[in-house]
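One file, work.cif, carrying mmCIF, N, CA and C atoms:
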```cif
data_entry
#
loop_
_atom_site.label_atom_id
_atom_site.label_comp_id
_atom_site.auth_asym_id
_atom_site.auth_seq_id
_atom_site.Cartn_x
_atom_site.Cartn_y
_atom_site.Cartn_z
N MET R 28 21.84 -22.98 -3.34
CA MET R 28 21.36 -22.31 -2.16
C MET R 28 21.93 -20.90 -2.14
N LEU R 29 21.12 -19.95 -1.77
CA LEU R 29 21.55 -18.57 -1.70
C LEU R 29 22.23 -18.27 -0.37
N ASP R 30 23.18 -17.36 -0.43
CA ASP R 30 23.82 -16.88 0.78
C ASP R 30 22.76 -16.12 1.59
N VAL R 31 22.80 -16.21 2.91
CA VAL R 31 21.80 -15.60 3.77
C VAL R 31 21.75 -14.09 3.58
N ASP R 32 22.91 -13.44 3.45
CA ASP R 32 22.94 -11.99 3.26
C ASP R 32 22.30 -11.59 1.93
N ILE R 33 22.59 -12.35 0.88
CA ILE R 33 22.02 -12.06 -0.43
C ILE R 33 20.51 -12.29 -0.40
N GLU R 34 20.08 -13.36 0.27
CA GLU R 34 18.65 -13.63 0.37
C GLU R 34 17.94 -12.51 1.10
N ASP R 35 18.53 -12.01 2.17
CA ASP R 35 17.93 -10.89 2.91
C ASP R 35 17.81 -9.65 2.03
N GLN R 36 18.82 -9.38 1.22
CA GLN R 36 18.78 -8.23 0.31
C GLN R 36 17.66 -8.40 -0.72
N LEU R 37 17.55 -9.61 -1.24
CA LEU R 37 16.51 -9.88 -2.24
C LEU R 37 15.11 -9.74 -1.64
N VAL R 38 14.92 -10.26 -0.44
CA VAL R 38 13.62 -10.15 0.23
C VAL R 38 13.29 -8.69 0.48
N GLU R 39 14.27 -7.92 0.90
CA GLU R 39 14.05 -6.49 1.16
C GLU R 39 13.69 -5.75 -0.13
N LYS R 40 14.37 -6.06 -1.22
CA LYS R 40 14.12 -5.39 -2.50
C LYS R 40 12.75 -5.72 -3.07
N THR R 41 12.30 -6.95 -2.88
CA THR R 41 11.03 -7.37 -3.47
C THR R 41 9.84 -7.17 -2.55
N GLY R 42 10.07 -7.01 -1.26
CA GLY R 42 8.97 -6.76 -0.34
C GLY R 42 8.47 -7.99 0.40
N GLY R 43 9.14 -9.11 0.25
CA GLY R 43 8.74 -10.30 0.98
C GLY R 43 9.16 -11.57 0.26
N LYS R 44 9.11 -12.66 1.01
CA LYS R 44 9.55 -13.94 0.44
C LYS R 44 8.64 -14.43 -0.67
N LEU R 45 7.34 -14.23 -0.51
CA LEU R 45 6.41 -14.67 -1.54
C LEU R 45 6.61 -13.88 -2.83
N GLN R 46 6.81 -12.57 -2.70
CA GLN R 46 7.05 -11.74 -3.88
C GLN R 46 8.36 -12.13 -4.55
N LEU R 47 9.38 -12.42 -3.75
CA LEU R 47 10.66 -12.85 -4.29
C LEU R 47 10.52 -14.15 -5.05
N THR R 48 9.81 -15.09 -4.47
CA THR R 48 9.61 -16.39 -5.12
C THR R 48 8.87 -16.22 -6.44
N SER R 49 7.83 -15.40 -6.43
CA SER R 49 7.04 -15.17 -7.64
C SER R 49 7.88 -14.50 -8.72
N LEU R 50 8.62 -13.48 -8.35
CA LEU R 50 9.46 -12.78 -9.32
C LEU R 50 10.52 -13.70 -9.90
N MET R 51 11.18 -14.45 -9.05
CA MET R 51 12.23 -15.36 -9.52
C MET R 51 11.65 -16.41 -10.46
N GLN R 52 10.51 -16.97 -10.10
CA GLN R 52 9.89 -18.00 -10.93
C GLN R 52 9.51 -17.43 -12.29
N LYS R 53 8.89 -16.26 -12.31
CA LYS R 53 8.47 -15.66 -13.57
C LYS R 53 9.66 -15.32 -14.45
N ARG R 54 10.70 -14.79 -13.85
CA ARG R 54 11.88 -14.43 -14.65
C ARG R 54 12.62 -15.67 -15.14
N LEU R 55 12.70 -16.71 -14.33
CA LEU R 55 13.32 -17.96 -14.77
C LEU R 55 12.59 -18.54 -15.98
N VAL R 56 11.27 -18.48 -15.96
CA VAL R 56 10.49 -18.98 -17.09
C VAL R 56 10.80 -18.16 -18.34
N GLU R 57 10.88 -16.83 -18.18
CA GLU R 57 11.21 -15.99 -19.33
C GLU R 57 12.58 -16.33 -19.91
N LEU R 58 13.56 -16.53 -19.04
CA LEU R 58 14.90 -16.86 -19.51
C LEU R 58 14.93 -18.22 -20.20
N LYS R 59 14.19 -19.19 -19.64
CA LYS R 59 14.15 -20.51 -20.26
C LYS R 59 13.47 -20.49 -21.62
N ARG R 60 12.57 -19.55 -21.80
CA ARG R 60 11.87 -19.42 -23.09
C ARG R 60 12.66 -18.60 -24.10
N GLY R 61 13.84 -18.13 -23.70
CA GLY R 61 14.70 -17.45 -24.67
C GLY R 61 14.92 -15.97 -24.45
N ALA R 62 14.40 -15.40 -23.37
CA ALA R 62 14.64 -13.99 -23.10
C ALA R 62 16.13 -13.77 -22.82
N ARG R 63 16.61 -12.62 -23.19
CA ARG R 63 18.02 -12.31 -22.95
C ARG R 63 18.23 -11.80 -21.53
N PRO R 64 19.33 -12.19 -20.93
CA PRO R 64 19.65 -11.67 -19.59
C PRO R 64 19.86 -10.15 -19.64
N LEU R 65 19.46 -9.48 -18.56
CA LEU R 65 19.59 -8.03 -18.47
C LEU R 65 20.88 -7.61 -17.79
N VAL R 66 21.69 -8.57 -17.37
CA VAL R 66 22.98 -8.28 -16.74
C VAL R 66 24.04 -9.14 -17.40
N VAL R 67 25.28 -8.70 -17.27
CA VAL R 67 26.40 -9.47 -17.80
C VAL R 67 27.16 -10.05 -16.61
N ILE R 68 27.13 -11.39 -16.49
CA ILE R 68 27.89 -12.07 -15.45
C ILE R 68 28.55 -13.29 -16.07
N ASP R 69 29.53 -13.83 -15.37
CA ASP R 69 30.27 -14.98 -15.88
C ASP R 69 29.48 -16.28 -15.79
N SER R 70 28.53 -16.36 -14.90
CA SER R 70 27.78 -17.60 -14.67
C SER R 70 26.74 -17.82 -15.78
N VAL R 71 26.53 -19.09 -16.09
CA VAL R 71 25.46 -19.45 -17.03
C VAL R 71 24.25 -20.00 -16.29
N ASP R 72 24.34 -20.10 -14.96
CA ASP R 72 23.24 -20.58 -14.13
C ASP R 72 22.14 -19.52 -14.13
N LEU R 73 20.94 -19.92 -14.53
CA LEU R 73 19.84 -18.97 -14.65
C LEU R 73 19.46 -18.34 -13.31
N GLN R 74 19.58 -19.11 -12.23
CA GLN R 74 19.26 -18.55 -10.91
C GLN R 74 20.24 -17.42 -10.56
N ASP R 75 21.51 -17.59 -10.86
CA ASP R 75 22.50 -16.54 -10.60
C ASP R 75 22.18 -15.28 -11.42
N ILE R 76 21.74 -15.48 -12.65
CA ILE R 76 21.39 -14.35 -13.51
C ILE R 76 20.20 -13.59 -12.93
N VAL R 77 19.17 -14.33 -12.51
CA VAL R 77 17.98 -13.69 -11.94
C VAL R 77 18.32 -12.95 -10.66
N VAL R 78 19.13 -13.54 -9.82
CA VAL R 78 19.53 -12.90 -8.56
C VAL R 78 20.23 -11.57 -8.86
N GLN R 79 21.15 -11.57 -9.81
CA GLN R 79 21.85 -10.33 -10.14
C GLN R 79 20.91 -9.29 -10.77
N GLU R 80 19.95 -9.75 -11.57
CA GLU R 80 18.98 -8.81 -12.16
C GLU R 80 18.15 -8.14 -11.07
N ILE R 81 17.77 -8.90 -10.06
CA ILE R 81 16.98 -8.33 -8.97
C ILE R 81 17.84 -7.38 -8.14
N LEU R 82 19.06 -7.80 -7.82
CA LEU R 82 19.94 -6.95 -7.01
C LEU R 82 20.27 -5.64 -7.71
N GLN R 83 20.34 -5.66 -9.04
CA GLN R 83 20.67 -4.45 -9.81
C GLN R 83 19.40 -3.71 -10.26
N ASP R 84 18.25 -4.08 -9.71
CA ASP R 84 16.97 -3.45 -10.02
C ASP R 84 16.64 -3.45 -11.51
N LYS R 85 17.01 -4.52 -12.20
CA LYS R 85 16.70 -4.66 -13.62
C LYS R 85 15.30 -5.25 -13.82
N VAL R 86 14.82 -6.01 -12.86
CA VAL R 86 13.47 -6.58 -12.92
C VAL R 86 12.76 -6.32 -11.61
N ILE R 87 11.46 -6.07 -11.71
CA ILE R 87 10.62 -5.88 -10.52
C ILE R 87 9.31 -6.61 -10.74
N LEU R 88 8.60 -6.85 -9.67
CA LEU R 88 7.30 -7.48 -9.75
C LEU R 88 6.27 -6.39 -9.97
N ALA R 89 5.50 -6.49 -11.05
CA ALA R 89 4.53 -5.46 -11.41
C ALA R 89 3.36 -5.45 -10.43
N GLU R 90 2.76 -4.29 -10.29
CA GLU R 90 1.57 -4.16 -9.46
C GLU R 90 0.37 -4.75 -10.19
N LEU R 91 -0.62 -5.18 -9.45
CA LEU R 91 -1.85 -5.70 -10.05
C LEU R 91 -2.63 -4.57 -10.70
N ASP R 92 -3.19 -4.84 -11.88
CA ASP R 92 -4.07 -3.84 -12.47
C ASP R 92 -5.46 -3.98 -11.86
N ALA R 93 -6.37 -3.10 -12.23
CA ALA R 93 -7.68 -3.04 -11.59
C ALA R 93 -8.45 -4.35 -11.74
N SER R 94 -8.40 -4.98 -12.91
CA SER R 94 -9.16 -6.21 -13.11
C SER R 94 -8.61 -7.34 -12.25
N GLU R 95 -7.28 -7.38 -12.07
CA GLU R 95 -6.69 -8.42 -11.24
C GLU R 95 -6.96 -8.16 -9.77
N ALA R 96 -6.97 -6.90 -9.37
CA ALA R 96 -7.20 -6.56 -7.97
C ALA R 96 -8.62 -6.92 -7.54
N ASN R 97 -9.57 -6.86 -8.47
CA ASN R 97 -10.96 -7.17 -8.15
C ASN R 97 -11.29 -8.65 -8.30
N PHE R 98 -10.30 -9.45 -8.62
CA PHE R 98 -10.52 -10.86 -8.89
C PHE R 98 -11.13 -11.58 -7.69
N PHE R 99 -10.59 -11.35 -6.50
CA PHE R 99 -11.09 -12.01 -5.31
C PHE R 99 -12.48 -11.49 -4.94
N GLU R 100 -12.73 -10.21 -5.17
CA GLU R 100 -14.05 -9.67 -4.89
C GLU R 100 -15.09 -10.33 -5.79
N ASP R 101 -14.75 -10.53 -7.06
CA ASP R 101 -15.67 -11.21 -7.98
C ASP R 101 -15.94 -12.63 -7.51
N ALA R 102 -14.91 -13.30 -7.02
CA ALA R 102 -15.08 -14.67 -6.54
C ALA R 102 -15.96 -14.70 -5.29
N ARG R 103 -15.83 -13.71 -4.43
CA ARG R 103 -16.66 -13.66 -3.22
C ARG R 103 -18.13 -13.46 -3.58
N LYS R 104 -18.40 -12.71 -4.64
CA LYS R 104 -19.78 -12.49 -5.06
C LYS R 104 -20.43 -13.78 -5.54
N LEU R 105 -19.62 -14.69 -6.08
CA LEU R 105 -20.16 -15.95 -6.59
C LEU R 105 -20.49 -16.95 -5.50
N THR R 106 -19.89 -16.75 -4.32
CA THR R 106 -20.14 -17.72 -3.25
C THR R 106 -21.57 -17.58 -2.76
N ASP R 107 -22.15 -18.69 -2.36
CA ASP R 107 -23.53 -18.69 -1.88
C ASP R 107 -23.60 -18.13 -0.48
N GLY R 108 -24.74 -17.61 -0.15
CA GLY R 108 -24.97 -17.11 1.20
C GLY R 108 -25.47 -15.69 1.15
N ASP R 109 -26.28 -15.34 2.13
CA ASP R 109 -26.88 -14.01 2.17
C ASP R 109 -26.15 -13.09 3.13
N SER R 110 -25.15 -13.57 3.79
CA SER R 110 -24.43 -12.79 4.78
C SER R 110 -23.57 -11.73 4.10
N ASP R 111 -23.50 -10.55 4.70
CA ASP R 111 -22.66 -9.49 4.17
C ASP R 111 -21.22 -9.62 4.66
N ASP R 112 -20.99 -10.58 5.56
CA ASP R 112 -19.63 -10.80 6.05
C ASP R 112 -18.75 -11.23 4.89
N GLU R 113 -17.47 -10.95 5.03
CA GLU R 113 -16.53 -11.36 3.99
C GLU R 113 -16.50 -12.88 3.91
N LYS R 114 -16.71 -13.40 2.73
CA LYS R 114 -16.80 -14.84 2.53
C LYS R 114 -15.43 -15.41 2.21
N ASP R 115 -15.26 -16.69 2.52
CA ASP R 115 -14.04 -17.38 2.15
C ASP R 115 -14.07 -17.66 0.66
N VAL R 116 -12.91 -17.58 0.04
CA VAL R 116 -12.79 -17.84 -1.39
C VAL R 116 -12.03 -19.14 -1.56
N TYR R 117 -12.60 -20.04 -2.35
CA TYR R 117 -11.99 -21.33 -2.59
C TYR R 117 -11.57 -21.44 -4.05
N GLY R 118 -10.78 -22.44 -4.33
CA GLY R 118 -10.27 -22.63 -5.68
C GLY R 118 -11.37 -22.74 -6.72
N SER R 119 -12.47 -23.40 -6.36
CA SER R 119 -13.57 -23.55 -7.32
C SER R 119 -14.20 -22.19 -7.64
N ASP R 120 -14.24 -21.28 -6.66
CA ASP R 120 -14.78 -19.95 -6.90
C ASP R 120 -13.89 -19.18 -7.87
N LEU R 121 -12.58 -19.29 -7.66
CA LEU R 121 -11.65 -18.62 -8.55
C LEU R 121 -11.73 -19.20 -9.96
N LYS R 122 -11.94 -20.50 -10.04
CA LYS R 122 -12.06 -21.15 -11.34
C LYS R 122 -13.29 -20.62 -12.09
N LYS R 123 -14.40 -20.42 -11.38
CA LYS R 123 -15.61 -19.88 -12.00
C LYS R 123 -15.36 -18.48 -12.56
N VAL R 124 -14.67 -17.65 -11.79
CA VAL R 124 -14.38 -16.29 -12.24
C VAL R 124 -13.49 -16.33 -13.48
N LYS R 125 -12.48 -17.18 -13.46
CA LYS R 125 -11.60 -17.31 -14.62
C LYS R 125 -12.38 -17.75 -15.84
N GLU R 126 -13.24 -18.75 -15.67
CA GLU R 126 -14.04 -19.24 -16.79
C GLU R 126 -14.95 -18.16 -17.35
N GLU R 127 -15.57 -17.36 -16.47
CA GLU R 127 -16.43 -16.27 -16.92
C GLU R 127 -15.63 -15.22 -17.70
N ARG R 128 -14.46 -14.89 -17.20
CA ARG R 128 -13.64 -13.88 -17.89
C ARG R 128 -13.14 -14.40 -19.23
N ILE R 129 -12.79 -15.67 -19.31
CA ILE R 129 -12.36 -16.25 -20.57
C ILE R 129 -13.52 -16.24 -21.57
N LYS R 130 -14.72 -16.58 -21.08
CA LYS R 130 -15.90 -16.58 -21.95
C LYS R 130 -16.18 -15.16 -22.47
N GLU R 131 -16.10 -14.16 -21.58
CA GLU R 131 -16.31 -12.77 -22.00
C GLU R 131 -15.29 -12.35 -23.05
N LEU R 132 -14.04 -12.69 -22.83
CA LEU R 132 -12.99 -12.35 -23.77
C LEU R 132 -13.20 -13.05 -25.10
N SER R 133 -13.59 -14.31 -25.06
CA SER R 133 -13.86 -15.07 -26.27
C SER R 133 -14.99 -14.45 -27.07
N GLU R 134 -16.06 -14.06 -26.38
CA GLU R 134 -17.19 -13.42 -27.05
C GLU R 134 -16.79 -12.08 -27.65
N PHE R 135 -15.93 -11.36 -26.96
CA PHE R 135 -15.46 -10.07 -27.46
C PHE R 135 -14.60 -10.23 -28.71
N LEU R 136 -13.72 -11.22 -28.67
CA LEU R 136 -12.80 -11.43 -29.79
C LEU R 136 -13.46 -12.14 -30.97
N ASN R 137 -14.47 -12.94 -30.71
CA ASN R 137 -15.15 -13.70 -31.76
C ASN R 137 -16.66 -13.44 -31.67
N PRO R 138 -17.11 -12.25 -32.07
CA PRO R 138 -18.53 -11.95 -31.95
C PRO R 138 -19.35 -12.85 -32.88
N THR R 139 -20.50 -13.27 -32.39
CA THR R 139 -21.40 -14.10 -33.19
C THR R 139 -22.40 -13.21 -33.90
N LYS R 140 -22.72 -13.58 -35.13
CA LYS R 140 -23.71 -12.82 -35.89
C LYS R 140 -25.09 -13.36 -35.57
N GLU R 141 -25.97 -12.48 -35.16
CA GLU R 141 -27.32 -12.91 -34.78
C GLU R 141 -28.31 -12.48 -35.81
#
```

Render the structure in this file as structure tokens.
Amino acid sequence: MLDVDIEDQLVEKTGGKLQLTSLMQKRLVELKRGARPLVVIDSVDLQDIVVQEILQDKVILAELDASEANFFEDARKLTDGDSDDEKDVYGSDLKKVKEERIKELSEFLNPTKE
């Protein structure tokens, strides 16, 4: 469990609890896969290492690029309905967009001879 003061500092540095959770999870996965720690501390606990990396501004959560930022808009276009109102996006809509993008990438990387 994190100390309340440290947690508040981490939330402030990352911009929110969700961003903090995402950053910590991504960095923990990197460390478990063999990435080297960016700070020198006595602890071998990966959570302690990630906390210190965030506090020392060694890792940050990257901004979304243009294709990722338009992901929800693409999913809204796939939803049925003629209304111009903003549509709700569901998991199945996001799955369709992912599948389309994977198919496009596959076709780009493995062009078929016609």

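Taking CA of Gly61 in chain R and CA of Gln46 in chain R as endpoints, the distance between them is 22.9 Å.
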
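For the atom pair formed by CA of Gly42 in chain R and CA of Arg128 in chain R, the distance is 29.5 Å, given to one decimal.
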
Sort by chain and increasing residue number a table of all residues of range 44-68 of chain R within 8 Å of range 75-93 of chain R, each with its closest pair of atoms and their distance in Å to one decimal, counting all atoms listed in the file, and write it as CSV.
```
residue,atom,partner,partner_atom,distance
R:Gln46,C,R:Leu88,CA,7.1
R:Ser49,C,R:Leu88,CA,7.1
R:Leu50,CA,R:Leu88,CA,5.7
R:Met51,CA,R:Val77,CA,6.5
R:Arg54,C,R:Val77,CA,6.5
R:Leu55,N,R:Val77,CA,6.5
R:Pro64,CA,R:Ile76,CA,6.9
R:Leu65,C,R:Glu80,CA,6.1
R:Val66,N,R:Glu80,CA,5.9
R:Val67,N,R:Ile76,CA,7.8
R:Ile68,N,R:Ile76,CA,7.1
```

What are the centre and the three edge lengths of an axis-aligned box that wraps all atoms of range 63-78 of chain R in the file, given that 6 Å is added to every side, written as AutoDock Vina command-line options and rounded to one decimal in Å?
```
--center_x 23.4 --center_y -14.1 --center_z -15.9 --size_x 25.7 --size_y 25.0 --size_z 26.6
```

Atomic separation - CA of Val56 in chain R relative to CA of Val124 in chain R, Å: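 These atoms are spaced 25.5 Å apart.
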
Selection near Lys44 in chain R, 10 Å with only C-alpha atoms, sequence-local residues under 6 positions removed, as a CSV table (one decimal) with N, CA and C atoms, in the coordinates of the input:
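So the final result, stored in part_10.csv, reads:
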```csv
chain,number,residue,atom,x,y,z
R,34,GLU,N,20.1,-13.4,0.3
R,34,GLU,CA,18.6,-13.6,0.4
R,34,GLU,C,17.9,-12.5,1.1
R,35,ASP,N,18.5,-12.0,2.2
R,35,ASP,CA,17.9,-10.9,2.9
R,35,ASP,C,17.8,-9.6,2.0
R,37,LEU,N,17.6,-9.6,-1.2
R,37,LEU,CA,16.5,-9.9,-2.2
R,37,LEU,C,15.1,-9.7,-1.6
R,38,VAL,N,14.9,-10.3,-0.4
R,38,VAL,CA,13.6,-10.2,0.2
R,38,VAL,C,13.3,-8.7,0.5
R,50,LEU,N,8.6,-13.5,-8.4
R,50,LEU,CA,9.5,-12.8,-9.3
R,50,LEU,C,10.5,-13.7,-9.9
```
